[in-house]
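Content type compact mmCIF, C-alpha atoms and all ligand atoms, from the file target03.txt:
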```txt
# COMPACT_ATOMS: atom_id res chain seq x y z
CA GLY A 1 0.00 0.00 0.00
CA ASP A 2 0.90 3.66 -0.11
CA ARG A 3 0.69 4.21 3.63
CA ALA A 4 3.86 5.54 5.15
CA SER A 5 5.82 2.91 7.02
CA THR A 6 8.79 3.10 9.36
CA ALA A 7 11.87 1.06 8.45
CA VAL A 8 13.74 -0.83 11.21
CA ASP A 9 16.02 -3.86 11.38
CA VAL A 10 13.67 -5.86 13.59
CA VAL A 11 10.07 -5.70 14.79
CA VAL A 12 9.29 -7.65 17.95
CA VAL A 13 5.60 -8.53 18.19
CA GLY A 14 4.64 -8.78 21.88
CA GLY A 15 6.04 -7.00 24.93
CA GLY A 16 5.76 -9.72 27.57
CA GLN A 17 8.79 -11.42 29.13
CA ALA A 18 9.81 -13.08 25.83
CA GLY A 19 9.63 -9.79 23.90
CA LEU A 20 11.68 -8.04 26.60
CA ALA A 21 14.35 -10.76 26.59
CA ALA A 22 14.57 -10.39 22.80
CA GLY A 23 14.84 -6.62 23.25
CA TYR A 24 17.68 -7.03 25.73
CA TYR A 25 19.78 -8.97 23.20
CA LEU A 26 18.75 -6.84 20.21
CA ARG A 27 19.90 -3.76 22.16
CA ARG A 28 23.24 -5.39 22.99
CA ALA A 29 23.78 -6.38 19.34
CA GLY A 30 23.15 -2.77 18.28
CA HIS A 31 20.14 -3.50 16.09
CA ASP A 32 17.54 -0.86 15.31
CA PHE A 33 14.24 -2.30 16.53
CA VAL A 34 10.80 -1.68 18.00
CA ILE A 35 8.63 -3.80 20.29
CA LEU A 36 4.90 -3.60 19.52
CA ASP A 37 2.66 -4.68 22.38
CA ALA A 38 -1.12 -4.95 22.43
CA GLU A 39 -1.42 -4.33 26.19
CA ALA A 40 -2.12 -0.89 27.67
CA ALA A 41 0.48 -1.41 30.42
CA PRO A 42 3.67 -3.47 30.99
CA GLY A 43 3.71 -7.10 32.15
CA GLY A 44 2.50 -9.19 29.22
CA SER A 45 -0.09 -11.67 30.47
CA TRP A 46 0.93 -11.45 34.14
CA PRO A 47 -1.60 -8.71 35.13
CA HIS A 48 -4.40 -10.99 33.88
CA TYR A 49 -3.71 -14.10 35.98
CA TRP A 50 -6.05 -15.03 38.84
CA GLU A 51 -5.57 -13.02 42.01
CA SER A 52 -4.03 -15.65 44.27
CA LEU A 53 -1.45 -16.85 41.71
CA ARG A 54 2.13 -17.11 42.87
CA LEU A 55 5.27 -18.08 41.01
CA PHE A 56 6.40 -21.68 41.33
CA SER A 57 9.99 -20.58 42.09
CA PRO A 58 11.69 -18.04 44.32
CA ALA A 59 12.38 -14.61 42.81
CA GLU A 60 16.09 -15.43 42.65
CA HIS A 61 15.25 -18.14 40.10
CA SER A 62 12.85 -16.09 38.01
CA SER A 63 15.05 -13.49 36.34
CA LEU A 64 15.43 -12.41 32.74
CA PRO A 65 18.96 -11.69 31.45
CA GLY A 66 20.47 -8.60 33.07
CA ILE A 67 18.95 -7.08 36.20
CA PRO A 68 17.64 -9.76 38.57
CA MET A 69 14.13 -9.91 39.99
CA PRO A 70 14.17 -8.32 43.48
CA VAL A 71 13.97 -10.84 46.34
CA TRP A 72 10.48 -11.51 47.75
CA ARG A 73 10.65 -12.41 51.42
CA ARG A 74 7.28 -14.07 52.06
CA GLY A 75 7.38 -17.31 50.09
CA PHE A 76 7.17 -17.36 46.29
CA PRO A 77 6.30 -13.98 44.72
CA PRO A 78 2.79 -13.02 43.54
CA ALA A 79 2.07 -12.03 39.93
CA GLY A 80 2.15 -8.33 40.86
CA HIS A 81 5.81 -8.66 41.79
CA VAL A 82 6.54 -9.94 38.28
CA VAL A 83 4.62 -7.01 36.77
CA ASP A 84 6.71 -4.56 38.83
CA TYR A 85 9.89 -6.32 37.74
CA LEU A 86 8.99 -6.33 34.05
CA THR A 87 8.03 -2.64 34.30
CA ALA A 88 11.40 -1.77 35.84
CA TYR A 89 13.19 -4.01 33.33
CA GLU A 90 11.87 -2.29 30.24
CA GLN A 91 12.69 1.13 31.74
CA ARG A 92 16.18 0.09 32.79
CA TYR A 93 17.11 -1.00 29.27
CA ARG A 94 15.06 1.80 27.61
CA LEU A 95 13.36 -0.75 25.43
CA PRO A 96 11.54 0.93 22.51
CA ILE A 97 8.05 -0.37 23.28
CA HIS A 98 4.96 1.01 21.60
CA ARG A 99 1.60 0.38 23.31
CA PRO A 100 -1.12 -0.34 22.89
CA VAL A 101 -0.33 -1.52 19.36
CA ARG A 102 -1.93 -4.67 18.04
CA VAL A 103 -0.21 -6.24 15.04
CA THR A 104 -2.84 -7.39 12.58
CA ALA A 105 -0.78 -8.78 9.69
CA VAL A 106 2.78 -9.70 8.75
CA SER A 107 3.50 -10.19 5.06
CA ARG A 108 6.43 -10.40 2.67
CA THR A 109 7.61 -7.37 0.72
CA GLY A 110 9.14 -7.74 -2.75
CA ASP A 111 12.66 -7.06 -1.45
CA GLY A 112 12.81 -9.97 0.97
CA ARG A 113 11.74 -7.96 4.02
CA TYR A 114 8.57 -8.01 6.08
CA LEU A 115 5.68 -5.58 6.25
CA VAL A 116 4.18 -5.40 9.74
CA GLU A 117 0.71 -3.85 9.87
CA SER A 118 -1.00 -2.81 13.07
CA ASP A 119 -3.92 -0.76 14.37
CA ARG A 120 -1.41 2.08 14.93
CA GLY A 121 0.82 2.21 11.88
CA THR A 122 3.00 0.11 9.63
CA TRP A 123 6.64 -1.00 9.89
CA ARG A 124 9.09 -2.57 7.43
CA ALA A 125 11.72 -4.88 8.88
CA GLY A 126 14.41 -7.32 7.86
CA ALA A 127 13.29 -9.64 10.64
CA VAL A 128 10.25 -10.22 12.85
CA VAL A 129 10.39 -11.78 16.30
CA ASN A 130 7.08 -13.32 17.35
CA ALA A 131 6.68 -13.19 21.12
CA THR A 132 2.91 -13.03 21.41
CA GLY A 133 2.51 -15.72 24.05
CA THR A 134 -0.58 -17.88 24.36
CA TRP A 135 -2.87 -16.05 26.79
CA ARG A 136 -4.90 -14.38 24.03
CA CYS A 137 -5.66 -17.73 22.41
CA PRO A 138 -7.48 -19.83 25.03
CA PHE A 139 -8.41 -23.31 23.84
CA TRP A 140 -12.05 -24.37 24.38
CA PRO A 141 -12.76 -28.00 23.54
CA ARG A 142 -16.11 -28.77 21.98
CA TYR A 143 -18.66 -30.98 23.71
CA ARG A 144 -22.09 -31.85 22.54
CA GLY A 145 -24.66 -29.70 24.30
CA MET A 146 -22.13 -27.08 25.39
CA SER A 147 -24.10 -24.17 23.98
CA ARG A 148 -27.26 -25.28 25.75
CA PHE A 149 -25.72 -25.23 29.23
CA ALA A 150 -27.75 -22.75 31.31
CA GLY A 151 -25.09 -22.07 33.96
CA THR A 152 -21.83 -20.13 33.85
CA GLN A 153 -18.91 -21.22 31.67
CA VAL A 154 -15.52 -19.52 31.97
CA HIS A 155 -12.06 -20.36 30.70
CA THR A 156 -8.91 -19.97 32.81
CA VAL A 157 -8.45 -16.54 31.19
CA GLY A 158 -11.75 -15.37 32.69
CA TYR A 159 -11.20 -16.75 36.19
CA ARG A 160 -10.14 -14.22 38.87
CA THR A 161 -11.28 -15.32 42.36
CA PRO A 162 -13.11 -18.27 43.94
CA GLU A 163 -15.70 -16.00 45.58
CA ALA A 164 -17.60 -15.74 42.31
CA PHE A 165 -18.48 -19.44 42.76
CA ALA A 166 -19.24 -19.52 46.49
CA GLY A 167 -21.93 -22.01 47.43
CA GLN A 168 -22.28 -23.39 43.91
CA ARG A 169 -21.62 -26.80 42.41
CA VAL A 170 -18.67 -26.27 40.09
CA ALA A 171 -16.93 -28.52 37.54
CA VAL A 172 -13.27 -27.78 36.88
CA VAL A 173 -12.14 -29.32 33.59
CA GLY A 174 -8.50 -30.07 32.76
CA GLY A 175 -5.48 -31.96 34.01
CA GLY A 176 -2.77 -29.31 34.17
CA ASN A 177 -1.48 -26.71 36.60
CA SER A 178 -4.25 -24.18 36.04
CA ALA A 179 -6.93 -26.80 36.73
CA ALA A 180 -5.17 -28.07 39.85
CA GLN A 181 -4.64 -24.58 41.28
CA ILE A 182 -8.13 -23.32 40.48
CA LEU A 183 -9.75 -26.51 41.77
CA ALA A 184 -7.67 -26.20 44.94
CA GLU A 185 -9.09 -22.78 45.73
CA VAL A 186 -12.65 -23.11 44.40
CA PHE A 187 -12.90 -26.25 46.55
CA THR A 188 -12.57 -24.05 49.66
CA VAL A 189 -15.84 -22.20 48.92
CA ALA A 190 -17.86 -24.48 46.63
CA ASP A 191 -18.83 -28.09 45.98
CA THR A 192 -16.39 -29.11 43.27
CA LEU A 193 -16.09 -31.83 40.69
CA GLY A 194 -12.96 -32.37 38.60
CA ALA A 195 -12.82 -33.83 35.09
CA THR A 196 -9.69 -34.87 33.23
CA PRO A 197 -9.12 -36.93 30.10
CA HIS A 198 -6.14 -38.71 31.79
CA PRO A 199 -5.48 -39.13 35.52
CA PRO A 200 -3.49 -36.04 36.63
CA ARG A 201 0.19 -36.81 37.15
CA LEU A 202 1.39 -35.01 40.27
CA MET A 203 5.07 -34.12 40.46
CA PRO A 204 7.07 -35.03 43.56
CA ASP A 205 6.55 -32.51 46.39
CA ASP A 206 10.10 -31.18 46.24
CA VAL A 207 10.01 -30.28 42.54
CA ASP A 208 9.67 -26.52 42.06
CA GLY A 209 10.61 -24.16 39.23
CA ARG A 210 14.31 -24.50 40.07
CA VAL A 211 14.27 -28.25 39.52
CA LEU A 212 12.17 -27.87 36.38
CA PHE A 213 14.66 -25.41 34.96
CA ASP A 214 17.58 -27.73 35.70
CA VAL A 215 15.83 -30.67 34.06
CA ALA A 216 14.86 -28.54 31.04
CA SER A 217 18.47 -27.31 30.77
CA ALA A 218 19.79 -30.87 30.78
CA ARG A 219 17.37 -31.66 27.97
CA ALA A 220 18.46 -28.57 26.00
CA GLN A 221 22.09 -29.65 26.35
CA ALA A 222 21.31 -33.20 25.26
CA LEU A 223 19.50 -31.89 22.18
CA ALA A 224 22.27 -29.40 21.37
CA SER A 225 24.99 -32.03 21.55
CA GLY A 226 23.05 -34.54 19.48
CA ARG A 227 22.52 -36.95 22.37
CA ALA A 228 19.27 -38.86 22.78
CA ASP A 229 16.30 -36.68 23.74
CA THR A 230 15.27 -37.03 27.36
CA ASP A 231 11.71 -36.78 28.63
CA GLY A 232 12.63 -33.40 30.10
CA VAL A 233 10.19 -31.99 32.64
CA ALA A 234 7.35 -34.07 31.19
CA GLY A 235 9.01 -37.12 32.73
CA LEU A 236 8.43 -35.65 36.21
CA GLY A 237 4.67 -35.28 35.88
CA ASP A 238 2.31 -32.47 34.93
CA ILE A 239 1.37 -30.70 38.13
CA VAL A 240 3.75 -28.70 40.30
CA MET A 241 2.86 -29.20 43.96
CA VAL A 242 2.64 -25.56 45.07
CA PRO A 243 1.31 -25.13 48.65
CA PRO A 244 -2.43 -24.74 47.84
CA VAL A 245 -2.29 -27.77 45.54
CA LYS A 246 -0.53 -29.84 48.21
CA ALA A 247 -3.23 -28.86 50.69
CA ALA A 248 -5.95 -29.87 48.23
CA ARG A 249 -4.28 -33.20 47.55
CA ASP A 250 -3.98 -33.89 51.27
CA ARG A 251 -7.73 -33.31 51.59
CA GLY A 252 -8.41 -35.79 48.80
CA VAL A 253 -9.50 -33.23 46.22
CA LEU A 254 -7.07 -34.15 43.43
CA VAL A 255 -8.31 -37.67 42.81
CA PRO A 256 -8.68 -38.74 39.17
CA GLN A 257 -12.20 -38.04 37.88
CA PRO A 258 -13.22 -39.02 34.34
CA MET A 259 -14.46 -36.77 31.57
CA PHE A 260 -18.17 -36.45 30.86
CA SER A 261 -19.42 -37.33 27.39
CA SER A 262 -21.77 -34.41 26.78
CA ILE A 263 -23.38 -31.42 28.47
CA ALA A 264 -27.02 -30.88 29.39
CA ALA A 265 -28.74 -27.60 30.28
CA ASP A 266 -28.27 -28.30 33.99
CA GLY A 267 -25.07 -30.32 34.16
CA LEU A 268 -22.74 -32.98 32.87
CA VAL A 269 -23.72 -36.24 31.24
CA TYR A 270 -21.58 -39.35 31.82
CA PRO A 271 -22.15 -42.77 30.26
CA ASP A 272 -23.52 -44.02 33.60
CA ARG A 273 -24.85 -40.92 35.36
CA HIS A 274 -25.77 -37.23 35.34
CA GLU A 275 -24.16 -34.56 37.55
CA GLN A 276 -25.96 -31.29 38.15
CA VAL A 277 -23.58 -28.30 38.13
CA ASP A 278 -24.04 -24.52 38.23
CA ALA A 279 -20.76 -23.62 36.58
CA ILE A 280 -18.01 -25.08 34.41
CA ILE A 281 -14.46 -23.72 34.55
CA TRP A 282 -12.55 -24.80 31.44
CA CYS A 283 -8.84 -25.02 32.33
CA THR A 284 -8.12 -26.52 28.94
CA GLY A 285 -5.04 -24.67 27.85
CA PHE A 286 -3.83 -22.28 25.24
CA ARG A 287 -2.42 -22.11 21.73
CA PRO A 288 0.32 -19.81 20.37
CA VAL A 289 -1.09 -16.48 19.17
CA LEU A 290 -0.15 -16.55 15.48
CA ASN A 291 -3.17 -15.24 13.57
CA HIS A 292 -1.24 -12.13 12.47
CA LEU A 293 0.99 -14.45 10.39
CA ARG A 294 -1.82 -15.75 8.22
CA PRO A 295 -0.65 -13.79 5.12
CA LEU A 296 2.62 -15.77 5.18
CA ALA A 297 0.79 -19.08 4.70
CA LEU A 298 3.28 -20.88 6.93
CA ARG A 299 1.06 -23.92 7.29
CA ARG A 300 1.06 -24.74 3.59
CA PRO A 301 1.97 -28.40 3.13
CA ASP A 302 5.71 -29.05 3.28
CA ARG A 303 6.38 -30.94 0.06
CA SER A 304 9.64 -32.47 1.24
CA ARG A 305 8.00 -34.03 4.28
CA PRO A 306 4.34 -34.66 3.46
CA GLY A 307 1.93 -34.34 6.32
CA ARG A 308 4.57 -33.20 8.76
CA ALA A 309 3.07 -29.86 9.77
CA ALA A 310 -0.45 -31.21 9.82
CA ALA A 311 0.44 -34.11 12.11
CA SER A 312 2.06 -32.00 14.84
CA GLY A 313 -0.38 -29.11 14.53
CA ARG A 314 2.63 -26.84 14.92
CA ILE A 315 4.77 -25.19 12.30
CA PRO A 316 8.05 -27.15 12.36
CA LEU A 317 10.93 -24.93 13.50
CA HIS A 318 14.67 -25.02 12.99
CA HIS A 319 16.53 -23.06 15.72
CA ASN A 320 13.50 -20.88 16.47
CA HIS A 321 12.71 -20.00 12.87
CA VAL A 322 10.77 -21.56 10.03
CA PRO A 323 13.39 -23.23 7.81
CA ALA A 324 12.35 -21.22 4.74
CA GLU A 325 12.15 -17.91 6.69
CA PRO A 326 15.36 -17.27 8.67
CA GLY A 327 14.13 -13.77 9.50
CA LEU A 328 10.96 -14.92 11.24
CA LEU A 329 11.63 -15.98 14.83
CA PHE A 330 9.38 -17.55 17.48
CA LEU A 331 10.17 -17.06 21.15
CA GLY A 332 8.63 -17.97 24.48
CA TYR A 333 5.93 -20.46 23.57
CA GLY A 334 7.24 -23.44 25.53
CA ASP A 335 8.73 -26.70 24.29
CA TRP A 336 7.90 -25.83 20.68
CA THR A 337 10.40 -22.96 20.89
CA GLY A 338 12.93 -24.43 23.35
CA PRO A 339 12.96 -26.21 26.71
CA ALA A 340 11.78 -23.88 29.54
CA SER A 341 11.29 -21.06 27.01
CA ALA A 342 7.88 -20.19 28.48
CA THR A 343 9.45 -19.33 31.83
CA LEU A 344 11.09 -16.15 33.07
CA ILE A 345 14.39 -17.85 33.81
CA GLY A 346 14.37 -19.94 30.64
CA VAL A 347 13.43 -17.52 27.88
CA GLY A 348 16.74 -15.63 27.98
CA ARG A 349 18.66 -18.61 26.67
CA THR A 350 16.57 -19.02 23.52
CA ALA A 351 16.37 -15.24 23.02
CA ARG A 352 20.16 -14.96 23.13
CA ASP A 353 20.75 -17.75 20.59
CA ALA A 354 17.95 -16.64 18.28
CA VAL A 355 19.07 -13.00 18.21
CA ALA A 356 22.68 -14.06 17.59
CA ALA A 357 21.53 -16.05 14.56
CA LEU A 358 19.70 -12.97 13.22
CA GLY A 359 22.94 -11.01 12.75
CA PRO A 360 24.09 -12.78 9.55
CA HIS A 361 20.54 -12.78 8.19
CA LEU A 362 20.15 -9.00 8.66
CA ALA A 363 23.56 -8.35 7.12
CA ALA A 364 22.60 -10.42 4.05
CA THR A 365 19.22 -8.65 3.73
CA ALA A 366 20.87 -5.23 3.96
CA GLU A 367 23.46 -6.19 1.35
CA ALA A 368 20.81 -7.43 -1.04
CA ARG A 369 19.16 -4.01 -0.92
CA THR A 370 22.24 -1.92 -1.73
P1 LIG B 401 2.87 -13.07 27.33
O1 LIG B 401 3.25 -12.77 28.71
O2 LIG B 401 1.49 -13.58 27.08
O3 LIG B 401 3.11 -11.74 26.48
C1 LIG B 401 2.73 -11.68 25.13
C2 LIG B 401 2.46 -10.24 24.80
O4 LIG B 401 2.19 -10.15 23.40
C3 LIG B 401 1.24 -9.67 25.50
O5 LIG B 401 1.58 -8.43 26.07
C4 LIG B 401 0.22 -9.55 24.40
O6 LIG B 401 -0.68 -8.48 24.57
C5 LIG B 401 1.09 -9.31 23.21
N1 LIG B 401 0.46 -9.64 21.94
C6 LIG B 401 -0.22 -10.76 21.59
N2 LIG B 401 -0.63 -10.68 20.31
C7 LIG B 401 -0.21 -9.47 19.85
C8 LIG B 401 -0.33 -8.80 18.60
N3 LIG B 401 -0.97 -9.36 17.56
N4 LIG B 401 0.22 -7.57 18.47
C9 LIG B 401 0.89 -7.00 19.50
N5 LIG B 401 1.03 -7.60 20.70
C10 LIG B 401 0.49 -8.83 20.88
N6 LIG B 401 6.37 -18.81 34.28
C11 LIG B 401 7.38 -18.75 35.19
O7 LIG B 401 8.53 -18.52 34.83
N7 LIG B 401 7.13 -18.97 36.52
C12 LIG B 401 5.88 -19.21 36.97
O8 LIG B 401 5.68 -19.40 38.15
C13 LIG B 401 4.78 -19.23 36.03
N8 LIG B 401 3.50 -19.44 36.43
C14 LIG B 401 2.50 -19.37 35.50
C15 LIG B 401 1.17 -19.51 35.90
C16 LIG B 401 0.13 -19.41 34.97
C17 LIG B 401 -1.28 -19.54 35.40
C18 LIG B 401 0.41 -19.21 33.61
C19 LIG B 401 -0.68 -19.11 32.59
C20 LIG B 401 1.72 -19.08 33.21
C21 LIG B 401 2.77 -19.17 34.14
N9 LIG B 401 4.08 -19.04 33.75
C22 LIG B 401 5.11 -19.02 34.67
C23 LIG B 401 4.43 -18.93 32.33
C24 LIG B 401 4.54 -17.51 31.92
O9 LIG B 401 3.72 -16.64 32.64
C25 LIG B 401 4.10 -17.38 30.49
O10 LIG B 401 4.62 -18.46 29.77
C26 LIG B 401 4.66 -16.09 29.98
O11 LIG B 401 3.87 -15.01 30.38
C27 LIG B 401 4.86 -16.11 28.51
O12 LIG B 401 5.53 -14.91 28.19
P2 LIG B 401 5.42 -14.34 26.78
O13 LIG B 401 6.18 -13.06 26.77
O14 LIG B 401 5.78 -15.40 25.82
O15 LIG B 401 3.85 -14.09 26.60
```
So that I can check it, write out the structure of this file as structure tokens.
Amino acid sequence: GDRASTAVDVVVVGGGQAGLAAGYYLRRAGHDFVILDAEAAPGGSWPHYWESLRLFSPAEHSSLPGIPMPVWRRGFPPAGHVVDYLTAYEQRYRLPIHRPVRVTAVSRTGDGRYLVESDRGTWRAGAVVNATGTWRCPFWPRYRGMSRFAGTQVHTVGYRTPEAFAGQRVAVVGGGNSAAQILAEVFTVADTLGATPHPPRLMPDDVDGRVLFDVASARAQALASGRADTDGVAGLGDIVMVPPVKAARDRGVLVPQPMFSSIAADGLVYPDRHEQVDAIIWCTGFRPVLNHLRPLALRRPDRSRPGRAAASGRIPLHHNHVPAEPGLLFLGYGDWTGPASATLIGVGRTARDAVAALGPHLAATAEART
């Protein structure tokens, strides 16, 4: 189009922890870049988590590269402490963040660069770092009768406090950390019912974020040196036994409960029974936020390896980029983009390596244009 656009080396889409870690290394490498973030205020998804949420590691093990997270003296820090840290972090490194700016489309320009369109202007860049997280793409499974349910249905993203459910009969669906933590607190004020497709696998009591990071690091090293892949953190279980979850387990709340087969107006339908419920909380996970990349048609079938992308449901990556697009990076989405990359302490490692690999790509793009 004819609309004026700003030229930069790199556009980072997303200003959560992954976008900030990318910014830290882009700054050190001397690249000209902007970070575009859809939020009105700093912190990525952290300001949106439920009120009681605490980190699963001490502050000393939750830092991005550079300035460490200040120590929190009363147990593991709450989400607000992370928001304060991320706010200070972006100021400390004078990261060029524009907000609120929602990127709507990324496409190819004729000269091998990218056009980044948003609700507040257009940028041209030699490379794009996607750090959009998953919070804005909650996954809702489909069950027969779901739309006829007369009670309340919320996803993890809509859950804030247990009080909203006081005195009700509440189903909490899902077998991960969000389900365990939300069930553990809703249980204290309501009559709860869990539902998981597989029995929840509880981690040992002494496994916290520190241990998870060490195990993920060992896996990253094994992968990097070509040794056999380990199970990584998945081998330890699914649920981190933070104090409220331990308490719930000790009271017998975290017992395996099967999935229902469909939903009626007043409750859940199982093959052998019916359970009346007033509310359903869907703790059923998230997907990477990638809809702005639709113009790039990244999911087109890979002719060299038929069916590959379709089978995994994820775009296959090579060192954090799509093989055919070395200037399009993905950071912070979890195992897909590197072991522990969805954590504060873990994202720095992938950000450092990915930004280092961008240098030669940007030099080649610049040369091609002169
Ligand atoms: P986000 O924090 O989601 O940031 C992405 C940013 O991109 C947002 O600001 C969003 O507005 C923006 N964005 C999205 N789309 C666009 C667009 N099109 N244009 C512009 N901007 C866009 N990790 C830990 O290390 N320790 C913990 O204890 C821990 N506990 C957790 C508990 C819960 C309940 C959850 C859900 C996660 C937890 N995590 C924890 C993981 C961690 O919070 C997330 O993985 C992390 O926030 C991901 O960071 P991110 O920067 O990738 O994404």
Set out as a tab-separated table a contact list for chain A and ligand LIG 401 (chain B) with a cut-off of 8 Å, giving each residue of chain A that qualifies its closest atom pair and distance in Å to one decimal, counting all atoms listed in the file, ordered by chain and rising residue number.
```
residue	atom	partner	partner_atom	distance
A:Val13	CA	B:LIG401	C9	5.1
A:Gly14	CA	B:LIG401	O4	3.2
A:Gly15	CA	B:LIG401	O5	4.8
A:Gly16	CA	B:LIG401	O13	3.5
A:Gln17	CA	B:LIG401	O13	3.9
A:Ala18	CA	B:LIG401	O13	3.7
A:Gly19	CA	B:LIG401	O13	5.6
A:Leu20	CA	B:LIG401	O13	7.4
A:Leu36	CA	B:LIG401	C9	5.3
A:Asp37	CA	B:LIG401	N5	3.7
A:Ala38	CA	B:LIG401	N5	3.8
A:Glu39	CA	B:LIG401	O6	4.5
A:Pro42	CA	B:LIG401	O5	7.3
A:Gly43	CA	B:LIG401	O5	6.6
A:Gly44	CA	B:LIG401	O5	3.4
A:Ser45	CA	B:LIG401	O1	3.9
A:Trp46	CA	B:LIG401	O11	6.0
A:Tyr49	CA	B:LIG401	C17	6.0
A:Trp50	CA	B:LIG401	C17	7.4
A:Leu53	CA	B:LIG401	C17	6.9
A:Arg54	CA	B:LIG401	O8	6.3
A:Leu55	CA	B:LIG401	O8	3.2
A:Phe56	CA	B:LIG401	O8	4.0
A:Ser57	CA	B:LIG401	O8	6.0
A:Ser62	CA	B:LIG401	O7	5.9
A:Pro100	CA	B:LIG401	C9	7.7
A:Val101	CA	B:LIG401	C9	5.6
A:Arg102	CA	B:LIG401	N4	3.6
A:Val103	CA	B:LIG401	N4	3.7
A:Thr104	CA	B:LIG401	N3	5.7
A:Ala105	CA	B:LIG401	N3	7.9
A:Ser118	CA	B:LIG401	N4	7.3
A:Ala131	CA	B:LIG401	O14	5.3
A:Thr132	CA	B:LIG401	O4	3.6
A:Gly133	CA	B:LIG401	O15	3.3
A:Thr134	CA	B:LIG401	O2	5.5
A:Trp135	CA	B:LIG401	O2	5.0
A:Arg136	CA	B:LIG401	C6	6.4
A:Asn177	CA	B:LIG401	C17	7.3
A:Ser178	CA	B:LIG401	C17	5.5
A:Gly209	CA	B:LIG401	N7	6.8
A:Val289	CA	B:LIG401	N2	5.9
A:Leu290	CA	B:LIG401	N3	7.5
A:Asn291	CA	B:LIG401	N3	7.4
A:His292	CA	B:LIG401	N3	5.8
A:Leu331	CA	B:LIG401	O14	6.6
A:Gly332	CA	B:LIG401	O14	4.1
A:Tyr333	CA	B:LIG401	O14	5.5
A:Gly334	CA	B:LIG401	O10	7.0
A:Ser341	CA	B:LIG401	O10	7.7
A:Ala342	CA	B:LIG401	O10	3.9
A:Thr343	CA	B:LIG401	O7	3.2
A:Leu344	CA	B:LIG401	O7	3.9
A:Ile345	CA	B:LIG401	O7	6.0
A:Gly346	CA	B:LIG401	O7	7.3
```
Next on the checklist: Can you tell me which residues surround Leu362 of chain A at a distance of at most 10 Å, considering all atoms listed in the file, apart from same-chain residues fewer than 2 positions away, and format the answer as a PyMOL selection string?
Outcome noted: chain A and resi 9-10+31+113+125-127+326-327+357-360+364-368
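Proximity to Leu212 of chain A was assessed for A:Val347, A:His155, A:Ala228, A:Pro339 counting all atoms listed in the file; the smallest distance is recorded for A:Pro339.
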Checklist entry - Can you tell me how far atom CA of Ser107 of chain A sits from atom CA of Val129 of chain A, in Å to one decimal? => result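 Separation between atom CA of Ser107 of chain A and atom CA of Val129 of chain A: 13.3 Å.
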Would you give the centre and edge lengths, in Å to one decimal, of a box along x, y and z around the listed atoms of segment 141-148 of chain A, with 8 Å added to each side, as lines of an AutoDock Vina configuration file?
```
center_x = -20.0
center_y = -28.0
center_z = 23.9
size_x = 30.5
size_y = 23.7
size_z = 19.8
```
Next on the checklist: List as a list in words the protein and nucleic acid residues near Val128 of chain A, meaning an atom at most 6 Å away when only C-alpha atoms are counted, but skip any in the same chain fewer than 3 places from it.
Outcome noted: Val10, Val11, Val12 and Leu328 of chain A
Next on the checklist: Considering all atoms listed in the file, can you say which of A:Ala218, A:Val211, A:Ala88, A:Leu202 comes closest to Pro58 of chain A?
Outcome noted: A:Val211
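The smallest atom-to-atom distance between His48 of chain A and any of A:Arg108, A:Thr122, A:Gly75, A:Arg160, using all atoms listed in the file, is found for A:Arg160.
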Item to check | Sel. within 10 Å of pt (-6.6, -29.8, 39.0), counting only C-alpha atoms, output as a ChimeraX atom specification | outcome: /A:172-184,193-196,200-202,239,245,248-249,253-256,283
Next on the checklist: Calculated over all atoms listed in the file, which of the candidates A:Asn130, A:Leu26, A:Thr161, A:Phe286 has the smallest distance to Val116 of chain A?
Outcome noted: A:Asn130
Checklist entry - Hey, which of A:Glu90, A:Glu325, A:Asp266, A:Asp278 ends up closest to Leu296 of chain A? Count only C-alpha atoms. => result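 Under the stated criterion, the closest residue is A:Glu325.
Pairwise distance (atom CA of Gly158 of chain A, atom CA of Pro141 of chain A) equals 15.6 Å.
Comparing the minimum interatomic distances between Gly267 of chain A and each of A:Ala29, A:Ala354, A:Ala171, A:Ala190, counting only C-alpha atoms, we find that A:Ala171 sits nearest.
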Leu298 of chain A surroundings by all atoms listed in the file, 9 Å radius, close-in-sequence under 5 positions cut, as a tab-separated table (two decimals) with C-alpha atoms, keeping the file's coordinate frame:
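Here's the written file part15.tsv:
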```tsv
chain	number	residue	atom	x	y	z
A	293	LEU	CA	0.99	-14.45	10.39
A	315	ILE	CA	4.77	-25.19	12.30
A	322	VAL	CA	10.77	-21.56	10.03
```
Checklist entry - segment 164-169 of chain A: which residues within 7 Å, counting all atoms listed in the file, same-chain residues fewer than 6 positions away excluded, as an MDAnalysis selection string? => result chainID A and resid 189:192 277:279
